[in-house]
Amino acid sequence: HPCSGNFPWARGNALEEYTLDRMENELTEASRRLRDLLGVQPTTFAYPCGQTFVGRGASLQSYVPLVAKHFVAGRGYLGEVANDPSFCDLALLNASGFDGLDFPAIDRLVQEAAAEGRWLILAGHEVKKEGQSQTVTTTALEGLCQYCRDHKAELWVDTVANIAGFILQRRQLKPVPATSTRS
């Protein structure tokens with residue numbers, strides 16, 4: 001997948017060399033292929049490396065609007081705060097890094113988000129017993145799963161698509177505030 005060319009392994013497919021047209025073509029073609037091959041229409045998008053731009057310098061552009069156009073939600077990476085469901089931008093949701101954390105660190109993230117009524121999205125790479133920097137350990141994942149089972153009456157654990165769909169539906173049901181006029 002494309003990432004910034006600052007990652008040496010991404011230089012041949014660097015986001016700095018992309019245009020919005022190229023990104024939109026890749027988004028729609030990948031969705032078409034998944035639909036044709038698997039019979040499912042993708043409804044969410046994970047920003048590769050959490051990066052939301054194409055181009056560089058004066059030609060740098062966000063492709064968040066493309067994600068908003070083609071998907072219900074887009075998940076970022078390494079966000080600093082869990083999402084406020086009443087305010088968050090569904091096209092660019094914050095996700096906390098899950099890689100390399102032990103269960104006590106994950107528990108703190110869950111506790112903070114729950115105390116504030118926020119939507120915590122955990123994003124990680126592979127799952128292994130032990131691992132490098134891009135690994136969620138099986139011990140940490142098992143601890144989180146057990147915690148979620150133990151607190152299932154208090155937590156909503158679901159896919160980004162389902163929670164984003166719920167938020168979108170709730171937002172559409174809210175009455176639009178009347179605009180005031182000055183005399």
# chains A, B, ... in the order shown; residues from 1 in each chain; ligands from 1
call {"tool": "residues_around", "arguments": {"residues": "stretch 6-18 of chain A", "least_positions_apart": "3", "cutoff": "6 Å", "atoms": "only C-alpha atoms", "output": "ChimeraX atom specification"}}
result
/A:2-3,54-56
call {"tool": "select_by_dssp", "arguments": {"residues": "stretch 31-183 of chain A", "states": "strand (DSSP E)", "output": "list of chain:residue names"}}
result
A:Thr44, A:Phe45, A:Ala46, A:Phe53, A:Val54, A:Gln61, A:Ser62, A:Ala73, A:Gly74, A:Arg75, A:Ser96, A:Gly97, A:Leu122, A:Ala123, A:Glu126, A:Val127, A:Lys128, A:Thr135, A:Val136, A:Thr137
call {"tool": "write_last_selection", "arguments": {"atoms": "C-alpha atoms", "output": "short mmCIF file (atom, residue, chain, number, x, y, z; two decimals), in the first residue's frame"}}
result
data_model
loop_
_atom_site.label_atom_id
_atom_site.label_comp_id
_atom_site.auth_asym_id
_atom_site.auth_seq_id
_atom_site.Cartn_x
_atom_site.Cartn_y
_atom_site.Cartn_z
CA THR A 44 -14.87 1.62 5.64
CA PHE A 45 -11.33 2.63 4.76
CA ALA A 46 -8.09 2.43 6.75
CA PHE A 53 -2.46 13.34 1.89
CA VAL A 54 -1.21 13.07 -1.66
CA GLN A 61 -3.87 17.76 -0.91
CA SER A 62 -6.01 15.84 1.55
CA ALA A 73 -16.03 5.90 7.59
CA GLY A 74 -12.25 6.25 7.36
CA ARG A 75 -9.93 5.13 10.13
CA SER A 96 -5.00 4.48 18.97
CA GLY A 97 -1.98 2.33 18.23
CA LEU A 122 -7.61 0.25 18.41
CA ALA A 123 -5.51 -0.27 15.29
CA GLU A 126 -0.19 -8.63 13.05
CA VAL A 127 -1.00 -10.72 16.11
CA LYS A 128 1.73 -12.99 17.50
CA THR A 135 2.73 -6.67 16.57
CA VAL A 136 -0.18 -7.02 18.97
CA THR A 137 0.77 -9.78 21.39
#
call {"tool": "residues_around", "arguments": {"residues": "stretch 100-110 of chain A", "least_positions_apart": "5", "cutoff": "12 Å", "atoms": "only C-alpha atoms", "output": "number ranges by chain"}}
result
A: 79-83, 95, 115-148, 151, 154-157
call {"tool": "select_by_dssp", "arguments": {"residues": "stretch 24-161 of chain A", "states": "alpha helix (DSSP H)", "output": "MDAnalysis selection string"}}
result
chainID A and resid 24:38 64:70 103:116 138:150 160:161
call {"tool": "closest_residue", "arguments": {"among": "A:Tyr77, A:Ser4, A:Leu92, A:Leu38", "to": "A:Pro65", "atoms": "only C-alpha atoms"}}
result
A:Leu92
call {"tool": "closest_residue", "arguments": {"among": "A:Gly76, A:Gly50, A:Pro42, A:Val64", "to": "A:Leu93", "atoms": "only C-alpha atoms"}}
result
A:Gly76
call {"tool": "decode", "arguments": {"residues": "stretch 114-148 of chain A", "atoms": "N, CA, C and O atoms", "output": "PDB file, in the first residue's frame"}}
result
ATOM      1  N   ALA A 114     -14.065   5.096  28.101  1.00  0.00           N
ATOM      2  CA  ALA A 114     -15.360   4.791  28.712  1.00  0.00           C
ATOM      3  C   ALA A 114     -15.784   5.885  29.685  1.00  0.00           C
ATOM      4  O   ALA A 114     -16.949   6.297  29.690  1.00  0.00           O
ATOM      5  N   ALA A 115     -14.853   6.390  30.470  1.00  0.00           N
ATOM      6  CA  ALA A 115     -15.188   7.434  31.449  1.00  0.00           C
ATOM      7  C   ALA A 115     -15.681   8.711  30.771  1.00  0.00           C
ATOM      8  O   ALA A 115     -16.493   9.451  31.336  1.00  0.00           O
ATOM      9  N   GLU A 116     -15.189   8.967  29.542  1.00  0.00           N
ATOM     10  CA  GLU A 116     -15.558  10.183  28.822  1.00  0.00           C
ATOM     11  C   GLU A 116     -16.642   9.941  27.767  1.00  0.00           C
ATOM     12  O   GLU A 116     -17.003  10.861  27.031  1.00  0.00           O
ATOM     13  N   GLY A 117     -17.156   8.722  27.680  1.00  0.00           N
ATOM     14  CA  GLY A 117     -18.177   8.402  26.691  1.00  0.00           C
ATOM     15  C   GLY A 117     -17.668   8.471  25.264  1.00  0.00           C
ATOM     16  O   GLY A 117     -18.395   8.837  24.347  1.00  0.00           O
ATOM     17  N   ARG A 118     -16.411   8.126  25.082  1.00  0.00           N
ATOM     18  CA  ARG A 118     -15.787   8.217  23.762  1.00  0.00           C
ATOM     19  C   ARG A 118     -15.732   6.862  23.078  1.00  0.00           C
ATOM     20  O   ARG A 118     -15.872   5.822  23.707  1.00  0.00           O
ATOM     21  N   TRP A 119     -15.476   6.915  21.779  1.00  0.00           N
ATOM     22  CA  TRP A 119     -15.368   5.728  20.929  1.00  0.00           C
ATOM     23  C   TRP A 119     -13.888   5.457  20.702  1.00  0.00           C
ATOM     24  O   TRP A 119     -13.212   6.187  19.990  1.00  0.00           O
ATOM     25  N   LEU A 120     -13.407   4.399  21.310  1.00  0.00           N
ATOM     26  CA  LEU A 120     -12.011   4.005  21.179  1.00  0.00           C
ATOM     27  C   LEU A 120     -11.876   3.006  20.034  1.00  0.00           C
ATOM     28  O   LEU A 120     -12.559   1.978  20.016  1.00  0.00           O
ATOM     29  N   ILE A 121     -11.028   3.340  19.095  1.00  0.00           N
ATOM     30  CA  ILE A 121     -10.693   2.428  18.009  1.00  0.00           C
ATOM     31  C   ILE A 121      -9.229   2.045  18.192  1.00  0.00           C
ATOM     32  O   ILE A 121      -8.364   2.914  18.286  1.00  0.00           O
ATOM     33  N   LEU A 122      -8.980   0.753  18.283  1.00  0.00           N
ATOM     34  CA  LEU A 122      -7.615   0.248  18.406  1.00  0.00           C
ATOM     35  C   LEU A 122      -7.172  -0.281  17.047  1.00  0.00           C
ATOM     36  O   LEU A 122      -7.893  -1.058  16.411  1.00  0.00           O
ATOM     37  N   ALA A 123      -6.021   0.153  16.593  1.00  0.00           N
ATOM     38  CA  ALA A 123      -5.506  -0.274  15.292  1.00  0.00           C
ATOM     39  C   ALA A 123      -4.126  -0.893  15.483  1.00  0.00           C
ATOM     40  O   ALA A 123      -3.251  -0.304  16.116  1.00  0.00           O
ATOM     41  N   GLY A 124      -3.974  -2.060  14.930  1.00  0.00           N
ATOM     42  CA  GLY A 124      -2.692  -2.735  15.018  1.00  0.00           C
ATOM     43  C   GLY A 124      -2.400  -3.494  13.737  1.00  0.00           C
ATOM     44  O   GLY A 124      -3.157  -3.434  12.779  1.00  0.00           O
ATOM     45  N   HIS A 125      -1.311  -4.183  13.761  1.00  0.00           N
ATOM     46  CA  HIS A 125      -0.874  -4.925  12.588  1.00  0.00           C
ATOM     47  C   HIS A 125      -1.083  -6.421  12.834  1.00  0.00           C
ATOM     48  O   HIS A 125      -2.194  -6.848  13.059  1.00  0.00           O
ATOM     49  N   GLU A 126      -0.014  -7.189  12.880  1.00  0.00           N
ATOM     50  CA  GLU A 126      -0.187  -8.629  13.046  1.00  0.00           C
ATOM     51  C   GLU A 126      -0.331  -8.995  14.528  1.00  0.00           C
ATOM     52  O   GLU A 126      -0.005  -8.212  15.410  1.00  0.00           O
ATOM     53  N   VAL A 127      -0.848 -10.196  14.762  1.00  0.00           N
ATOM     54  CA  VAL A 127      -0.998 -10.724  16.114  1.00  0.00           C
ATOM     55  C   VAL A 127      -0.080 -11.931  16.229  1.00  0.00           C
ATOM     56  O   VAL A 127      -0.131 -12.849  15.415  1.00  0.00           O
ATOM     57  N   LYS A 128       0.783 -11.896  17.251  1.00  0.00           N
ATOM     58  CA  LYS A 128       1.727 -12.995  17.498  1.00  0.00           C
ATOM     59  C   LYS A 128       1.939 -13.142  18.999  1.00  0.00           C
ATOM     60  O   LYS A 128       1.651 -12.230  19.773  1.00  0.00           O
ATOM     61  N   LYS A 129       2.513 -14.279  19.380  1.00  0.00           N
ATOM     62  CA  LYS A 129       2.829 -14.496  20.790  1.00  0.00           C
ATOM     63  C   LYS A 129       3.822 -13.438  21.272  1.00  0.00           C
ATOM     64  O   LYS A 129       3.683 -12.871  22.341  1.00  0.00           O
ATOM     65  N   GLU A 130       4.814 -13.180  20.481  1.00  0.00           N
ATOM     66  CA  GLU A 130       5.787 -12.126  20.739  1.00  0.00           C
ATOM     67  C   GLU A 130       6.003 -11.410  19.430  1.00  0.00           C
ATOM     68  O   GLU A 130       5.698 -11.942  18.368  1.00  0.00           O
ATOM     69  N   GLY A 131       6.556 -10.203  19.489  1.00  0.00           N
ATOM     70  CA  GLY A 131       6.735  -9.558  18.217  1.00  0.00           C
ATOM     71  C   GLY A 131       7.550  -8.295  18.252  1.00  0.00           C
ATOM     72  O   GLY A 131       8.034  -7.867  19.282  1.00  0.00           O
ATOM     73  N   GLN A 132       7.649  -7.738  17.070  1.00  0.00           N
ATOM     74  CA  GLN A 132       8.368  -6.500  16.857  1.00  0.00           C
ATOM     75  C   GLN A 132       7.434  -5.332  17.122  1.00  0.00           C
ATOM     76  O   GLN A 132       6.380  -5.483  17.710  1.00  0.00           O
ATOM     77  N   SER A 133       7.797  -4.180  16.603  1.00  0.00           N
ATOM     78  CA  SER A 133       7.032  -2.970  16.857  1.00  0.00           C
ATOM     79  C   SER A 133       5.642  -2.995  16.220  1.00  0.00           C
ATOM     80  O   SER A 133       4.747  -2.313  16.683  1.00  0.00           O
ATOM     81  N   GLN A 134       5.433  -3.770  15.179  1.00  0.00           N
ATOM     82  CA  GLN A 134       4.125  -3.810  14.528  1.00  0.00           C
ATOM     83  C   GLN A 134       3.392  -5.102  14.850  1.00  0.00           C
ATOM     84  O   GLN A 134       2.817  -5.749  13.982  1.00  0.00           O
ATOM     85  N   THR A 135       3.369  -5.433  16.129  1.00  0.00           N
ATOM     86  CA  THR A 135       2.732  -6.666  16.574  1.00  0.00           C
ATOM     87  C   THR A 135       1.882  -6.414  17.808  1.00  0.00           C
ATOM     88  O   THR A 135       2.312  -5.752  18.751  1.00  0.00           O
ATOM     89  N   VAL A 136       0.671  -6.949  17.786  1.00  0.00           N
ATOM     90  CA  VAL A 136      -0.177  -7.025  18.969  1.00  0.00           C
ATOM     91  C   VAL A 136       0.082  -8.408  19.552  1.00  0.00           C
ATOM     92  O   VAL A 136      -0.062  -9.412  18.852  1.00  0.00           O
ATOM     93  N   THR A 137       0.488  -8.463  20.807  1.00  0.00           N
ATOM     94  CA  THR A 137       0.774  -9.778  21.389  1.00  0.00           C
ATOM     95  C   THR A 137      -0.524 -10.504  21.713  1.00  0.00           C
ATOM     96  O   THR A 137      -1.543  -9.891  22.034  1.00  0.00           O
ATOM     97  N   THR A 138      -0.465 -11.826  21.619  1.00  0.00           N
ATOM     98  CA  THR A 138      -1.646 -12.625  21.938  1.00  0.00           C
ATOM     99  C   THR A 138      -2.057 -12.403  23.391  1.00  0.00           C
ATOM    100  O   THR A 138      -3.255 -12.372  23.687  1.00  0.00           O
ATOM    101  N   THR A 139      -1.102 -12.206  24.284  1.00  0.00           N
ATOM    102  CA  THR A 139      -1.419 -11.961  25.689  1.00  0.00           C
ATOM    103  C   THR A 139      -2.227 -10.674  25.854  1.00  0.00           C
ATOM    104  O   THR A 139      -3.224 -10.649  26.579  1.00  0.00           O
ATOM    105  N   ALA A 140      -1.816  -9.613  25.171  1.00  0.00           N
ATOM    106  CA  ALA A 140      -2.541  -8.340  25.256  1.00  0.00           C
ATOM    107  C   ALA A 140      -3.935  -8.471  24.654  1.00  0.00           C
ATOM    108  O   ALA A 140      -4.923  -7.988  25.227  1.00  0.00           O
ATOM    109  N   LEU A 141      -4.032  -9.141  23.507  1.00  0.00           N
ATOM    110  CA  LEU A 141      -5.329  -9.308  22.855  1.00  0.00           C
ATOM    111  C   LEU A 141      -6.260 -10.177  23.698  1.00  0.00           C
ATOM    112  O   LEU A 141      -7.442  -9.866  23.852  1.00  0.00           O
ATOM    113  N   GLU A 142      -5.733 -11.241  24.263  1.00  0.00           N
ATOM    114  CA  GLU A 142      -6.549 -12.093  25.131  1.00  0.00           C
ATOM    115  C   GLU A 142      -7.031 -11.323  26.360  1.00  0.00           C
ATOM    116  O   GLU A 142      -8.177 -11.473  26.781  1.00  0.00           O
ATOM    117  N   GLY A 143      -6.163 -10.485  26.934  1.00  0.00           N
ATOM    118  CA  GLY A 143      -6.563  -9.664  28.074  1.00  0.00           C
ATOM    119  C   GLY A 143      -7.689  -8.716  27.711  1.00  0.00           C
ATOM    120  O   GLY A 143      -8.657  -8.545  28.464  1.00  0.00           O
ATOM    121  N   LEU A 144      -7.582  -8.089  26.537  1.00  0.00           N
ATOM    122  CA  LEU A 144      -8.628  -7.176  26.081  1.00  0.00           C
ATOM    123  C   LEU A 144      -9.935  -7.928  25.837  1.00  0.00           C
ATOM    124  O   LEU A 144     -11.011  -7.466  26.242  1.00  0.00           O
ATOM    125  N   CYS A 145      -9.860  -9.082  25.194  1.00  0.00           N
ATOM    126  CA  CYS A 145     -11.076  -9.863  24.926  1.00  0.00           C
ATOM    127  C   CYS A 145     -11.757 -10.276  26.227  1.00  0.00           C
ATOM    128  O   CYS A 145     -12.991 -10.194  26.339  1.00  0.00           O
ATOM    129  N   GLN A 146     -10.977 -10.706  27.192  1.00  0.00           N
ATOM    130  CA  GLN A 146     -11.555 -11.098  28.486  1.00  0.00           C
ATOM    131  C   GLN A 146     -12.195  -9.890  29.170  1.00  0.00           C
ATOM    132  O   GLN A 146     -13.297  -9.987  29.711  1.00  0.00           O
ATOM    133  N   TYR A 147     -11.518  -8.750  29.122  1.00  0.00           N
ATOM    134  CA  TYR A 147     -12.075  -7.527  29.711  1.00  0.00           C
ATOM    135  C   TYR A 147     -13.416  -7.185  29.045  1.00  0.00           C
ATOM    136  O   TYR A 147     -14.391  -6.848  29.716  1.00  0.00           O
ATOM    137  N   CYS A 148     -13.469  -7.273  27.728  1.00  0.00           N
ATOM    138  CA  CYS A 148     -14.709  -6.955  26.998  1.00  0.00           C
ATOM    139  C   CYS A 148     -15.816  -7.933  27.350  1.00  0.00           C
ATOM    140  O   CYS A 148     -16.980  -7.529  27.497  1.00  0.00           O
TER     141      CYS A 148
END
